[in-house]
Structure formats: C-alpha cells, structure tokens
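Listing of target.cif; format and content: mmCIF, C-alpha atoms and all ligand atoms.
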data_data
loop_
_atom_site.group_PDB
_atom_site.id
_atom_site.type_symbol
_atom_site.label_atom_id
_atom_site.label_comp_id
_atom_site.auth_asym_id
_atom_site.auth_seq_id
_atom_site.Cartn_x
_atom_site.Cartn_y
_atom_site.Cartn_z
ATOM 1 C CA MET A 1189 96.830 39.503 65.806
ATOM 2 C CA MET A 1190 95.424 35.946 65.330
ATOM 3 C CA ARG A 1191 98.920 34.480 65.989
ATOM 4 C CA ALA A 1192 99.327 36.656 69.077
ATOM 5 C CA LEU A 1193 95.863 35.581 70.254
ATOM 6 C CA LEU A 1194 96.742 31.894 69.915
ATOM 7 C CA SER A 1195 99.953 32.231 71.922
ATOM 8 C CA ALA A 1196 98.127 34.342 74.505
ATOM 9 C CA LEU A 1197 95.429 31.664 74.808
ATOM 10 C CA LEU A 1198 98.057 28.920 75.181
ATOM 11 C CA ALA A 1199 99.682 30.870 77.970
ATOM 12 C CA PHE A 1200 96.242 31.739 79.392
ATOM 13 C CA ASN A 1201 96.589 32.701 83.001
ATOM 14 C CA VAL A 1202 94.141 35.341 84.219
ATOM 15 C CA GLN A 1203 95.668 37.342 87.049
ATOM 16 C CA ALA A 1204 93.426 37.441 90.102
ATOM 17 C CA ALA A 1205 93.223 41.228 89.850
ATOM 18 C CA ASP A 1206 92.157 41.214 86.198
ATOM 19 C CA LEU A 1207 88.526 41.696 85.284
ATOM 20 C CA GLU A 1208 86.441 38.848 83.837
ATOM 21 C CA PRO A 1209 84.728 40.615 80.919
ATOM 22 C CA VAL A 1210 81.492 39.699 79.123
ATOM 23 C CA LYS A 1211 83.843 38.732 76.313
ATOM 24 C CA ASN A 1212 87.608 38.848 75.959
ATOM 25 C CA ALA A 1213 88.039 41.149 72.992
ATOM 26 C CA GLY A 1214 91.641 40.152 72.319
ATOM 27 C CA PRO A 1215 95.106 39.816 73.890
ATOM 28 C CA TYR A 1216 97.368 42.734 74.726
ATOM 29 C CA VAL A 1217 99.123 43.613 71.481
ATOM 30 C CA PRO A 1218 100.138 47.289 71.352
ATOM 31 C CA SER A 1219 99.556 49.236 68.154
ATOM 32 C CA PRO A 1220 102.944 50.316 66.733
ATOM 33 C CA GLU A 1221 103.605 54.017 67.457
ATOM 34 C CA SER A 1222 103.451 54.874 63.745
ATOM 35 C CA VAL A 1223 99.957 53.327 63.541
ATOM 36 C CA VAL A 1224 98.879 55.303 66.619
ATOM 37 C CA ALA A 1225 100.077 58.507 64.909
ATOM 38 C CA ASP A 1226 98.179 57.624 61.706
ATOM 39 C CA MET A 1227 94.987 56.677 63.587
ATOM 40 C CA LEU A 1228 94.989 60.052 65.354
ATOM 41 C CA ARG A 1229 95.784 61.915 62.151
ATOM 42 C CA TYR A 1230 92.942 60.254 60.213
ATOM 43 C CA ALA A 1231 90.562 60.974 63.105
ATOM 44 C CA ASP A 1232 91.643 64.629 62.868
ATOM 45 C CA VAL A 1233 92.004 64.859 66.658
ATOM 46 C CA ASN A 1234 92.005 68.307 68.253
ATOM 47 C CA ALA A 1235 91.937 69.868 71.716
ATOM 48 C CA LYS A 1236 88.122 69.846 71.804
ATOM 49 C CA ASP A 1237 87.937 66.083 71.355
ATOM 50 C CA PHE A 1238 87.076 63.480 73.943
ATOM 51 C CA LEU A 1239 88.693 60.193 72.910
ATOM 52 C CA ILE A 1240 87.826 56.766 74.318
ATOM 53 C CA ASP A 1241 90.103 53.807 73.567
ATOM 54 C CA LEU A 1242 88.291 50.479 73.971
ATOM 55 C CA GLY A 1243 90.867 48.019 75.329
ATOM 56 C CA SER A 1244 93.509 50.631 76.051
ATOM 57 C CA GLY A 1245 96.555 48.421 76.793
ATOM 58 C CA ASP A 1246 99.430 50.633 77.991
ATOM 59 C CA GLY A 1247 97.341 53.739 77.169
ATOM 60 C CA ARG A 1248 99.439 54.886 74.214
ATOM 61 C CA ILE A 1249 96.536 56.055 72.005
ATOM 62 C CA VAL A 1250 94.829 58.189 74.682
ATOM 63 C CA LEU A 1251 98.183 59.469 76.001
ATOM 64 C CA THR A 1252 99.378 60.507 72.528
ATOM 65 C CA ALA A 1253 96.039 62.212 71.744
ATOM 66 C CA ALA A 1254 96.383 64.262 74.951
ATOM 67 C CA LYS A 1255 100.102 64.986 74.643
ATOM 68 C CA VAL A 1256 100.267 65.895 70.949
ATOM 69 C CA PHE A 1257 96.768 67.272 70.273
ATOM 70 C CA GLY A 1258 95.590 68.424 73.712
ATOM 71 C CA ALA A 1259 92.566 66.088 73.662
ATOM 72 C CA ARG A 1260 90.877 64.658 76.769
ATOM 73 C CA GLY A 1261 89.646 61.122 77.208
ATOM 74 C CA PHE A 1262 89.894 57.773 78.879
ATOM 75 C CA GLY A 1263 90.801 54.179 78.227
ATOM 76 C CA VAL A 1264 89.168 51.020 79.530
ATOM 77 C CA GLU A 1265 91.099 47.825 80.010
ATOM 78 C CA ILE A 1266 90.594 44.505 81.815
ATOM 79 C CA LYS A 1267 94.218 43.941 82.825
ATOM 80 C CA GLU A 1268 95.028 45.576 86.124
ATOM 81 C CA ASP A 1269 98.782 45.944 85.498
ATOM 82 C CA LEU A 1270 98.124 47.748 82.187
ATOM 83 C CA VAL A 1271 95.586 50.120 83.780
ATOM 84 C CA LYS A 1272 98.136 50.904 86.496
ATOM 85 C CA ARG A 1273 100.945 51.423 83.973
ATOM 86 C CA ALA A 1274 98.786 53.738 81.822
ATOM 87 C CA ASN A 1275 97.724 55.860 84.815
ATOM 88 C CA GLU A 1276 101.378 56.114 85.947
ATOM 89 C CA SER A 1277 102.393 57.261 82.449
ATOM 90 C CA ALA A 1278 99.598 59.876 82.541
ATOM 91 C CA LYS A 1279 100.980 61.164 85.830
ATOM 92 C CA THR A 1280 104.666 61.227 84.783
ATOM 93 C CA GLN A 1281 103.782 62.889 81.470
ATOM 94 C CA GLY A 1282 101.712 65.553 83.264
ATOM 95 C CA LEU A 1283 98.486 64.436 81.570
ATOM 96 C CA ALA A 1284 96.553 63.081 84.566
ATOM 97 C CA ASP A 1285 94.187 66.068 84.575
ATOM 98 C CA ARG A 1286 93.075 65.247 81.033
ATOM 99 C CA VAL A 1287 93.145 61.443 80.743
ATOM 100 C CA LYS A 1288 92.480 58.439 82.933
ATOM 101 C CA PHE A 1289 92.412 54.674 82.628
ATOM 102 C CA MET A 1290 89.893 52.391 84.268
ATOM 103 C CA LYS A 1291 89.670 48.660 84.887
ATOM 104 C CA GLN A 1292 86.394 48.199 83.069
ATOM 105 C CA ASP A 1293 84.725 45.923 80.540
ATOM 106 C CA LEU A 1294 84.447 47.768 77.227
ATOM 107 C CA PHE A 1295 81.052 46.153 76.557
ATOM 108 C CA LYS A 1296 79.691 47.767 79.738
ATOM 109 C CA THR A 1297 81.362 51.161 79.326
ATOM 110 C CA ASP A 1298 79.253 54.275 78.759
ATOM 111 C CA ILE A 1299 80.769 55.694 75.564
ATOM 112 C CA SER A 1300 78.227 58.477 74.968
ATOM 113 C CA GLN A 1301 80.757 61.196 75.907
ATOM 114 C CA ALA A 1302 83.128 60.306 73.052
ATOM 115 C CA SER A 1303 83.779 62.439 70.009
ATOM 116 C CA ILE A 1304 86.342 59.820 68.911
ATOM 117 C CA ILE A 1305 86.427 56.064 69.570
ATOM 118 C CA THR A 1306 89.607 54.097 68.878
ATOM 119 C CA MET A 1307 90.080 50.334 68.992
ATOM 120 C CA TYR A 1308 92.441 47.520 68.107
ATOM 121 C CA LEU A 1309 90.308 44.480 68.853
ATOM 122 C CA LEU A 1310 89.498 41.105 67.322
ATOM 123 C CA PRO A 1311 87.302 41.252 64.184
ATOM 124 C CA ASP A 1312 84.245 39.598 65.785
ATOM 125 C CA THR A 1313 84.395 42.032 68.735
ATOM 126 C CA VAL A 1314 84.574 45.046 66.434
ATOM 127 C CA ASN A 1315 81.361 43.832 64.803
ATOM 128 C CA LEU A 1316 79.665 42.998 68.104
ATOM 129 C CA LEU A 1317 80.052 46.678 68.971
ATOM 130 C CA LYS A 1318 78.058 48.010 65.992
ATOM 131 C CA ASP A 1319 74.723 48.282 67.839
ATOM 132 C CA LYS A 1320 76.419 49.913 70.839
ATOM 133 C CA PHE A 1321 77.964 52.501 68.518
ATOM 134 C CA LYS A 1322 74.623 53.187 66.786
ATOM 135 C CA ASN A 1323 72.726 53.491 70.069
ATOM 136 C CA GLU A 1324 75.192 55.394 72.246
ATOM 137 C CA LEU A 1325 77.328 57.616 70.037
ATOM 138 C CA LYS A 1326 76.356 61.081 68.826
ATOM 139 C CA PRO A 1327 76.084 61.611 65.051
ATOM 140 C CA GLY A 1328 79.431 62.855 63.786
ATOM 141 C CA THR A 1329 81.517 60.824 66.269
ATOM 142 C CA ARG A 1330 84.588 59.386 64.551
ATOM 143 C CA ILE A 1331 85.445 55.705 65.007
ATOM 144 C CA VAL A 1332 88.960 54.565 64.121
ATOM 145 C CA SER A 1333 89.684 50.853 63.959
ATOM 146 C CA HIS A 1334 93.130 49.343 63.564
ATOM 147 C CA ASP A 1335 93.021 46.378 61.150
ATOM 148 C CA TYR A 1336 89.360 45.329 61.339
ATOM 149 C CA PRO A 1337 86.302 46.881 59.660
ATOM 150 C CA LEU A 1338 82.742 47.424 60.828
ATOM 151 C CA THR A 1339 81.123 45.274 58.179
ATOM 152 C CA GLY A 1340 78.234 46.978 56.420
ATOM 153 C CA TRP A 1341 79.424 50.482 57.324
ATOM 154 C CA ILE A 1342 80.946 52.561 54.529
ATOM 155 C CA PRO A 1343 84.274 53.924 55.794
ATOM 156 C CA GLU A 1344 84.929 57.628 55.427
ATOM 157 C CA ARG A 1345 88.537 56.694 54.885
ATOM 158 C CA TYR A 1346 90.402 53.427 54.512
ATOM 159 C CA VAL A 1347 94.176 53.165 54.445
ATOM 160 C CA GLN A 1348 96.331 50.115 53.808
ATOM 161 C CA MET A 1349 100.087 50.010 54.367
ATOM 162 C CA ASP A 1350 102.900 47.546 54.961
ATOM 163 C CA LEU A 1351 104.748 47.601 58.264
ATOM 164 C CA GLU A 1352 107.611 45.236 59.150
ATOM 165 C CA GLU A 1353 106.763 45.412 62.855
ATOM 166 C CA LYS A 1354 103.331 43.866 62.188
ATOM 167 C CA VAL A 1355 104.904 40.515 61.174
ATOM 168 C CA ALA A 1356 105.503 39.643 64.835
ATOM 169 C CA ILE A 1357 101.867 40.513 65.625
ATOM 170 C CA SER A 1358 99.816 39.134 62.766
ATOM 171 C CA GLY A 1359 102.329 37.221 60.629
ATOM 172 C CA VAL A 1360 101.999 39.674 57.725
ATOM 173 C CA THR A 1361 103.082 43.243 57.072
ATOM 174 C CA THR A 1362 99.586 44.367 56.043
ATOM 175 C CA THR A 1363 98.160 47.093 58.258
ATOM 176 C CA LEU A 1364 94.756 48.677 57.832
ATOM 177 C CA ILE A 1365 93.180 51.731 59.377
ATOM 178 C CA TYR A 1366 89.440 52.378 58.995
ATOM 179 C CA LEU A 1367 87.761 55.705 59.776
ATOM 180 C CA TYR A 1368 83.975 55.817 60.191
ATOM 181 C CA ILE A 1369 81.638 58.683 61.021
ATOM 182 C CA VAL A 1370 78.532 57.817 63.059
ATOM 183 C CA PRO A 1371 75.482 58.719 60.950
ATOM 184 C CA ALA A 1372 72.396 60.541 62.226
ATOM 185 C CA LYS A 1373 69.130 58.599 62.156
ATOM 186 C CA VAL A 1374 67.092 59.815 59.172
ATOM 187 C CA GLU A 1375 64.896 56.807 58.356
ATOM 188 C CA GLY A 1376 61.206 57.716 58.109
ATOM 189 C CA ASN A 1377 58.729 60.169 56.601
ATOM 190 C CA TRP A 1378 59.428 63.878 56.965
ATOM 191 C CA THR A 1379 57.143 66.866 56.371
ATOM 192 C CA VAL A 1380 59.164 69.392 54.403
ATOM 193 C CA GLN A 1381 58.728 73.148 54.097
ATOM 194 C CA MET A 1382 60.211 73.705 50.664
ATOM 195 C CA PRO A 1383 61.844 76.903 49.472
ATOM 196 C CA PRO A 1384 59.111 78.895 47.615
ATOM 197 C CA ALA A 1385 61.087 78.537 44.379
ATOM 198 C CA VAL A 1386 60.568 74.734 44.571
ATOM 199 C CA SER A 1387 57.037 74.537 45.999
ATOM 200 C CA ARG A 1388 54.727 76.607 48.189
ATOM 201 C CA ALA A 1389 52.998 73.477 49.543
ATOM 202 C CA PRO A 1390 54.545 71.201 52.160
ATOM 203 C CA ALA A 1391 56.125 68.078 50.658
ATOM 204 C CA THR A 1392 56.842 64.642 52.080
ATOM 205 C CA LEU A 1393 60.341 63.204 52.117
ATOM 206 C CA SER A 1394 60.513 59.420 52.586
ATOM 207 C CA LEU A 1395 63.974 58.205 53.588
ATOM 208 C CA ARG A 1396 65.241 54.650 53.912
ATOM 209 C CA GLN A 1397 68.487 54.097 55.796
ATOM 210 C CA ASN A 1398 70.930 51.227 56.041
ATOM 211 C CA ILE A 1399 73.553 52.625 58.455
ATOM 212 C CA THR A 1400 75.496 55.052 56.263
ATOM 213 C CA ARG A 1401 73.515 54.420 53.048
ATOM 214 C CA VAL A 1402 70.375 56.496 52.475
ATOM 215 C CA SER A 1403 67.889 56.425 49.616
ATOM 216 C CA GLY A 1404 64.362 57.694 49.148
ATOM 217 C CA SER A 1405 61.865 59.851 47.324
ATOM 218 C CA ALA A 1406 59.824 63.008 47.773
ATOM 219 C CA LYS A 1407 56.136 63.640 47.119
ATOM 220 C CA ILE A 1408 56.001 67.180 45.879
ATOM 221 C CA ASP A 1409 52.896 68.880 44.414
ATOM 222 C CA GLY A 1410 51.339 65.415 44.010
ATOM 223 C CA GLN A 1411 54.317 64.048 42.106
ATOM 224 C CA ASP A 1412 56.690 61.286 43.299
ATOM 225 C CA VAL A 1413 60.298 62.308 42.660
ATOM 226 C CA PRO A 1414 63.193 59.935 43.411
ATOM 227 C CA LEU A 1415 66.197 61.321 45.272
ATOM 228 C CA GLU A 1416 69.684 61.051 43.841
ATOM 229 C CA ASP A 1417 73.223 61.732 45.093
ATOM 230 C CA VAL A 1418 72.033 61.207 48.685
ATOM 231 C CA VAL A 1419 74.949 61.572 51.118
ATOM 232 C CA LEU A 1420 74.767 61.312 54.914
ATOM 233 C CA ARG A 1421 77.959 62.203 56.726
ATOM 234 C CA GLY A 1422 77.434 62.378 60.487
ATOM 235 C CA ASP A 1423 74.555 64.846 60.881
ATOM 236 C CA LYS A 1424 75.016 66.414 57.397
ATOM 237 C CA LEU A 1425 72.562 65.302 54.735
ATOM 238 C CA SER A 1426 72.572 66.280 51.068
ATOM 239 C CA PHE A 1427 70.525 65.157 48.056
ATOM 240 C CA ARG A 1428 69.049 66.217 44.719
ATOM 241 C CA PHE A 1429 65.668 65.645 43.107
ATOM 242 C CA ALA A 1430 66.219 63.414 40.071
ATOM 243 C CA GLY A 1431 65.901 65.364 36.842
ATOM 244 C CA ARG A 1432 65.672 68.755 38.558
ATOM 245 C CA LYS A 1433 68.235 71.466 39.171
ATOM 246 C CA GLY A 1434 69.672 72.338 42.576
ATOM 247 C CA GLU A 1435 71.040 70.661 45.677
ATOM 248 C CA PHE A 1436 69.561 70.344 49.168
ATOM 249 C CA THR A 1437 71.982 70.346 52.095
ATOM 250 C CA GLY A 1438 70.952 70.200 55.735
ATOM 251 C CA GLN A 1439 71.850 69.415 59.302
ATOM 252 C CA VAL A 1440 69.895 66.732 61.153
ATOM 253 C CA ARG A 1441 69.060 67.599 64.769
ATOM 254 C CA GLY A 1442 67.019 64.761 66.231
ATOM 255 C CA ASN A 1443 63.559 64.969 64.644
ATOM 256 C CA ALA A 1444 64.297 68.126 62.643
ATOM 257 C CA ILE A 1445 66.391 69.081 59.635
ATOM 258 C CA GLU A 1446 67.361 72.675 58.812
ATOM 259 C CA GLY A 1447 69.096 73.418 55.577
ATOM 260 C CA MET A 1448 69.675 75.354 52.383
ATOM 261 C CA PHE A 1449 68.625 74.725 48.806
ATOM 262 C CA GLU A 1450 71.122 76.012 46.263
ATOM 263 C CA SER A 1451 70.323 76.404 42.587
ATOM 264 C CA GLY A 1452 71.853 78.592 39.902
ATOM 265 C CA GLY A 1453 73.827 80.638 42.433
ATOM 266 C CA SER A 1454 70.861 81.475 44.679
ATOM 267 C CA LYS A 1455 70.225 79.998 48.113
ATOM 268 C CA SER A 1456 67.044 79.587 50.129
ATOM 269 C CA ALA A 1457 66.157 77.823 53.377
ATOM 270 C CA TRP A 1458 64.210 74.570 53.785
ATOM 271 C CA SER A 1459 63.301 72.564 56.846
ATOM 272 C CA ALA A 1460 61.810 69.203 57.708
ATOM 273 C CA ALA A 1461 60.133 67.597 60.718
ATOM 274 C CA LEU A 1462 59.863 63.854 61.275
ATOM 275 C CA LYS A 1463 56.234 62.680 61.165
ATOM 276 C CA GLY A 1464 55.164 61.160 64.487
HETATM 277 C C1 LIG B 1501 95.166 44.552 70.866
HETATM 278 S S1 LIG B 1501 95.229 45.326 72.470
HETATM 279 C C2 LIG B 1501 95.160 47.028 71.995
HETATM 280 C C3 LIG B 1501 95.808 47.963 73.012
HETATM 281 C C4 LIG B 1501 95.757 49.437 72.618
HETATM 282 N N1 LIG B 1501 94.409 49.879 72.302
HETATM 283 C C5 LIG B 1501 96.636 49.693 71.427
HETATM 284 O O1 LIG B 1501 96.102 49.798 70.303
HETATM 285 O O2 LIG B 1501 97.867 49.779 71.599
HETATM 286 C C6 LIG B 1501 93.570 44.983 73.060
HETATM 287 C C7 LIG B 1501 93.388 45.232 74.551
HETATM 288 O O3 LIG B 1501 92.018 45.040 74.887
HETATM 289 C C8 LIG B 1501 91.940 44.505 76.198
HETATM 290 N N2 LIG B 1501 90.627 43.874 76.336
HETATM 291 C C9 LIG B 1501 90.205 42.685 75.863
HETATM 292 N N3 LIG B 1501 88.908 42.461 76.153
HETATM 293 C C10 LIG B 1501 88.474 43.580 76.825
HETATM 294 C C11 LIG B 1501 87.221 43.952 77.394
HETATM 295 N N4 LIG B 1501 86.148 43.173 77.288
HETATM 296 N N5 LIG B 1501 87.139 45.154 78.010
HETATM 297 C C12 LIG B 1501 88.230 45.976 78.103
HETATM 298 N N6 LIG B 1501 89.451 45.663 77.590
HETATM 299 C C13 LIG B 1501 89.576 44.471 76.949
HETATM 300 C C14 LIG B 1501 93.110 43.539 76.235
HETATM 301 O O4 LIG B 1501 93.493 43.223 77.554
HETATM 302 C C15 LIG B 1501 94.174 44.287 75.442
HETATM 303 O O5 LIG B 1501 95.028 45.023 76.271
#

Hey, can you dump this file as structure tokens for me?
Amino acid sequence: MMRALLSALLAFNVQAADLEPVKNAGPYVPSPESVVADMLRYADVNAKDFLIDLGSGDGRIVLTAAKVFGARGFGVEIKEDLVKRANESAKTQGLADRVKFMKQDLFKTDISQASIITMYLLPDTVNLLKDKFKNELKPGTRIVSHDYPLTGWIPERYVQMDLEEKVAISGVTTTLIYLYIVPAKVEGNWTVQMPPAVSRAPATLSLRQNITRVSGSAKIDGQDVPLEDVVLRGDKLSFRFAGRKGEFTGQVRGNAIEGMFESGGSKSAWSAALKG
C-alpha cells in the first residue's frame, strides 16, 4: 500500500468533483476479492448486519456482503467516479434497495448504525479512528481491518497469509486481516447484588479498563478480593474471584449488568449498577 500511495501522490491530481477530506486516508487500492471474502467470513456477516465500509472504492466489500450474505449497508468514498461506479454496480446487481454509496468524508460520517465496520486504509488513519470507534459504535460491533491494526486493541482474531497479488500493491505478499469487537464501557465502581450463596450483602465491584483489557477487585463482606480471568467481549463480561470457586458471566447494558453465577453445577442470578 505504501508503494501505491507514493505513486498515487506523484500522480496527484484531485478531480474537481472529488471531495477534499479532513485527511486523505489513502489511495484507491482495491482489496483482492479473496481478501474481501475472508474479511466478511471473519466478521461472520449475516442478513441482519449493517455494514459500513470506510473508503469504499468500487464498493466491492459492501456489494459482496449484500449479494452473498444478504446484509445491508453503505460505503463512503471521496472519489466521485468510484461512488458513481459503486452505485451503478448496486443497481445492475439488484442490490440498490439494500446498499448505497455516498461521496462523504469518512472522518465526518455517522457510523453509529453499523454492526460491522470494514476498512483498508493507511496505518495512521486506522489509528486516528480509534476514538471515533469507541464513541460512536455499539458494544459488540465488529471491526475488520485489512493489513493494519488498531494499536492497543486486542484483536478477537488475527490472520496472516501470503498473496501474490499483494506484491503489486505493497511490494510484499504478506496480507493481514484483523477482527476486533467493540467493548462495552465497564470502568468504574459498581454496586453488586450477589447471589445469596456468595453474599447476602451488596458488594462493590471496582473495574479498571484499557479498551479491551479489564482488571479489578471486589469488596465483599468487608474483604478485598482480586478478580481473575476477566474477559470483556463486546457487551459480555466474565470473571472469577481469586481463590474462590465459580464464575460470573453477565451482559452489560449501559449502567447495568445482569448475569449468572455458576458454581458446582448450580446457577444463580447477580446484577450490578454503576455508582453515580
Ligand atoms: C485502499 S482503498 C480501499 C477500497 C475498498 N475499501 C477496498 O478494500 O477494496 C481506500 C479508499 O479510501 C478512499 N478515501 C481516502 N480518504 C478518504 C476519506 N477521508 N473519506 C472517504 N474515503 C476516503 C480512497 O479514495 C480509496 O478509494
């Protein structure tokens, strides 16, 4: 992609009809069809999904998601001819009722509707988007990036392969696909109604969060107990109390968590509310 960017910059000639974005996130370099297929497979696209491709080029990712998996969605792109071409393809492929392409700056696009975000953009752009993703996307939204990672985020899946067709694009055969799941916000102190088998008194759960990494402790019956095996995947949280039996699992819904505590084959409910 770097090589393609250099030649694109040398031949830099913005068409009058193209949009001047906040930042040019990279030249038009289409993802090979096999990479598109893998990106959609790793994202586990289905007919209920709404996919947004940031910098949609000829529209291939959104079009394939609609055609093969029945998904809906849109693409945003600064180059007028590419937007036109993608919308024409949607029409000829009978997909215009499910997908559309807009001449729009990806940095200014409302992405809150997405259940899947896809992108093949320059590495610095991918990282400039991290705050936008955290602020606008719902927990559980999948983000698939071709070649470049969101630094600091733990990928749900990470695949590396060699593709001959990438030599012309990036000078090497190496191809990477990263899948991330947007985490819920859990940082803070929570008042917890424990299952009676654990405690009859409310406890406090103190969680620290660094994007996808969560750690913390609980104050239960006057005792501080560290948490272990803490996993946050989208809006699903699970953890254990260090040195004690059983596992807590729960679903985060804004300022509340509802879940189950499972120990020795028996299950009981627990809940938590974020302290104001
Ligand atoms: C590497 S291509 C990827 C095309 C397509 N997503 C794919 O994977 O086949 C990146 C695209 O992003 C577009 N682009 C660059 N900066 C943009 C911006 N700020 N807003 C919207 N599109 C942008 C480029 O014109 C280019 O078509």

Selection under test: the PyMOL selection byres (((chain A and resi 1441) around 12) and not hetatm); residues as a VMD selection string: chain A and resid 1326 to 1328 1371 to 1374 1422 to 1425 1438 to 1440 1442 to 1447 1459 to 1462

Within 10 Å of file point (67.9, 70.5, 48.0), counting all atoms listed in the file, expressed as a VMD selection string: chain A and resid 1382 to 1383 1386 1415 1425 to 1429 1432 to 1438 1447 to 1451 1455 to 1458

Matched chain/residue IDs from the PyMOL selection byres (((chain A and resi 1237) around 12) and not hetatm), as a list of chain:residue names: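 Taken on the displayed file, the PyMOL selection byres (((chain A and resi 1237) around 12) and not hetatm) yields the residues A:Leu1228, A:Ala1231, A:Asp1232, A:Val1233, A:Asn1234, A:Ala1235, A:Lys1236, A:Phe1238, A:Leu1239, A:Ile1240, A:Val1250, A:Ala1253, A:Ala1254, A:Phe1257, A:Gly1258, A:Ala1259, A:Arg1260, A:Gly1261, A:Phe1262, A:Arg1286, A:Val1287, A:Gln1301, A:Ala1302, A:Ser1303, A:Ile1304, A:Ile1305, A:Gly1328, A:Thr1329, A:Arg1330.
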
Return as lines of an AutoDock Vina configuration file the box centre and box size in Å, one decimal, for an axis-aligned box around all listed atoms of ligand LIG 1501 (chain B) padded by 4 Å per side.
center_x = 92.0
center_y = 46.2
center_z = 74.2
size_x = 19.7
size_y = 15.4
size_z = 15.8

Straight-line distance linking CA of Asn1212 in chain A with atom C10 of ligand LIG 1501 (chain B), stated in Å to one decimal: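 If I compute the distance from CA of Asn1212 in chain A to atom C10 of ligand LIG 1501 (chain B), I get 4.9 Å.
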
Within-8 Å residues of ligand LIG 1501 (chain B), basis only C-alpha atoms and all ligand atoms, as a ChimeraX atom specification: /A:1189,1208-1220,1224,1241-1249,1264-1267,1270,1291-1295,1306-1310,1334

Residues in the PyMOL selection byres (((chain A and resi 1392-1396) around 9) and not hetatm), expressed as a list of chain:residue names: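 Residues picked by the PyMOL selection byres (((chain A and resi 1392-1396) around 9) and not hetatm): A:Val1374, A:Glu1375, A:Gly1376, A:Asn1377, A:Trp1378, A:Thr1379, A:Val1380, A:Gln1381, A:Pro1390, A:Ala1391, A:Gln1397, A:Asn1398, A:Arg1401, A:Val1402, A:Ser1403, A:Gly1404, A:Ser1405, A:Ala1406, A:Lys1407, A:Ile1408, A:Ala1460.
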
Computed interatomic separation between CA of Ile1399 in chain A and CA of Asp1412 in chain A (Å):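 Here the two named atoms are 24.3 Å from each other.
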
One-decimal distance in Å that lies between CA of Gly1359 in chain A and CA of Tyr1336 in chain A: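 Rounded to one decimal, the two atoms are 15.3 Å apart.
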